[in-house]
4 protein chains.
Amino acid sequence: MAKVLVVYHSKTGNTEKMAQLVADGAEAAGADVKLRTPDDTTLEDLQEADAILLGSPTYYGHSAAAMRALLERSVRLHGKLEGKVGGAFSSSHNIGGGNETTVLDLIHALLIHGMIVQGFADGDHYGPVSIGAPDERVSEQARRFGEKNARLAAKLTGS
Amino acid sequence: MAKVLVVYHSKTGNTEKMAQLVADGAEAAGADVKLRTPDDTTLEDLQEADAILLGSPTYYGHSAAAMRALLERSVRLHGKLEGKVGGAFSSSHNIGGGNETTVLDLIHALLIHGMIVQGFADGDHYGPVSIGAPDERVSEQARRFGEKNARLAAKLTGS
Amino acid sequence: MAKVLVVYHSKTGNTEKMAQLVADGAEAAGADVKLRTPDDTTLEDLQEADAILLGSPTYYGHSAAAMRALLERSVRLHGKLEGKVGGAFSSSHNIGGGNETTVLDLIHALLIHGMIVQGFADGDHYGPVSIGAPDERVSEQARRFGEKNARLAAKLTGS
Amino acid sequence: MAKVLVVYHSKTGNTEKMAQLVADGAEAAGADVKLRTPDDTTLEDLQEADAILLGSPTYYGHSAAAMRALLERSVRLHGKLEGKVGGAFSSSHNIGGGNETTVLDLIHALLIHGMIVQGFADGDHYGPVSIGAPDERVSEQARRFGEKNARLAAKLTGS
């Protein structure tokens, strides 16, 4: 059973809703799922997980400072997250409002940890993006995102 | 009177419609506007312009090869476009389908030429993005984009 | 006389050295320069400046959380920084260690504020990058970066 | 035995040298390796591979038009490359000369194909970057890059 950690920061509740949908998808794929905010996430949580999925609102084309603070704390684990699965998702106000750069912002940090990131041929390619509250399209993508990452983690850990 | 060059590549006609709206906006701001496809654009066109605005569909998170081919030809002008105004816009199928990375792809090339790029506090921040055919929201942004870049070019050239 | 604000975060002193060189370059171009850390920077400092130049070490492919915290505070000024000049620089350990994505990370935030960013045809295209302490190559680029941005700000403000 | 396809475009020979080192690393990990230029790469080559590793010089912050032309042809395989391993490397003239954005440019296209990309905790995080001809540091990274991607492909295909 793959261990999936979903870490989200949310102000309006939109990213939280997405995080819940991601968690649902991962559970549907048989994963053991933890849902956390960045402040509640310990370095041990990060180390124990087989997959780490990060969600943040888009603030000025990038993830929230709370999420960046977790990523800075995570530097102490340098090299220890290598080979784990990583992914990112975001909610935003505008279509061209920086949501893709936010997802990529988080993906860059995961790659720098030596993690493994998968893209999506259909839908939002780098990770789910919601404009405002998640609608039907986004909900389906968020669930599928959780599911696919849980499956990849299970495959890589042989569980 | 600032000289504005709008170069677009279009397959379905959506980017072409955006290019026309951008040109309209630039003309409304008093600019002398040329509308070109990448293949029809000469190095002289690039050198004569005070502002160069590039539009491309999103193909796999990036601009069309036709546009990249123009950018490669433009390398011969290295240093000679410095200080000109640059901007980019894109049309795409999906919200998270790589449209922002396409606009940024083009902006990077413009910055590497030493050009000057302005962002937008409202709407699509890096440049106009259309999902499918340009709707009312996108049309207004495309016009405003043409207008603001024409104004900036006029200011910088003292015209 | 253009007002240039240089904001830097530094741990090892390398980014601070770069910031001093950037400030020197801006002063050589006749600007009135303020040098600040993110924590010491008030929203008034941002509003008063004609050019805002941000420097941060590369932490995992992105700017320091202290810098992101300033950018989050700056959201209250949304729309009020439009038309100002912006730029970014970074110091890093590795050549491919995320220094360009850090500079672009900051440039994205500046563009989202509606600011105006210029690239460089020669040297480091998006903004100065130092691997470790600034050497002769980087020192020259940092000074030129300060100078060019100060000149652009003077031109745009008519000062 | 994992099948690794290394596609490179080279003008000065530097990217070609990197490609050879990447191929050596993949072979050392037991992979069956093909080395191709973009023009010589068929859609069948792409479909047969378990891992696709792309190398390009940095032209204005992005990959060569020859590589983009291959990526455009590859759109016909949309969805059929999902789950394969992908990676990218680049050679460049300048430290801040756009080499990271070139590597990320290629990684974005691979993610949009639904491919799986791994980062590196040590050295060049997104993929190997050479300033000029590959030196000892780069050679070691290029070999390790080939090796790690071959291992990941073997793990995912159960070979």
# chains A, B, ... in the order shown; residues from 1 in each chain; ligands from 1
$ residues_around --residues "A:Ala65" --least-positions-apart "6" --cutoff "8 Å" --atoms "only C-alpha atoms" --output "number ranges by chain"
C: 65, 68-69, 72
$ interface_residues --of "chain A" --to "chain C" --cutoff "10 Å" --atoms "only C-alpha atoms" --output "PyMOL selection string"
chain A and resi 59-72+74-75+78+97-98+101-102+105-113
$ atom_distance --atom1 "atom CA of D:Leu53" --atom2 "atom CA of D:Ala19"
8.8 Å
$ residues_around --residues "A:Gly30" --least-positions-apart "6" --cutoff "8 Å" --atoms "only C-alpha atoms" --output "PyMOL selection string"
chain A and resi 1-2+150
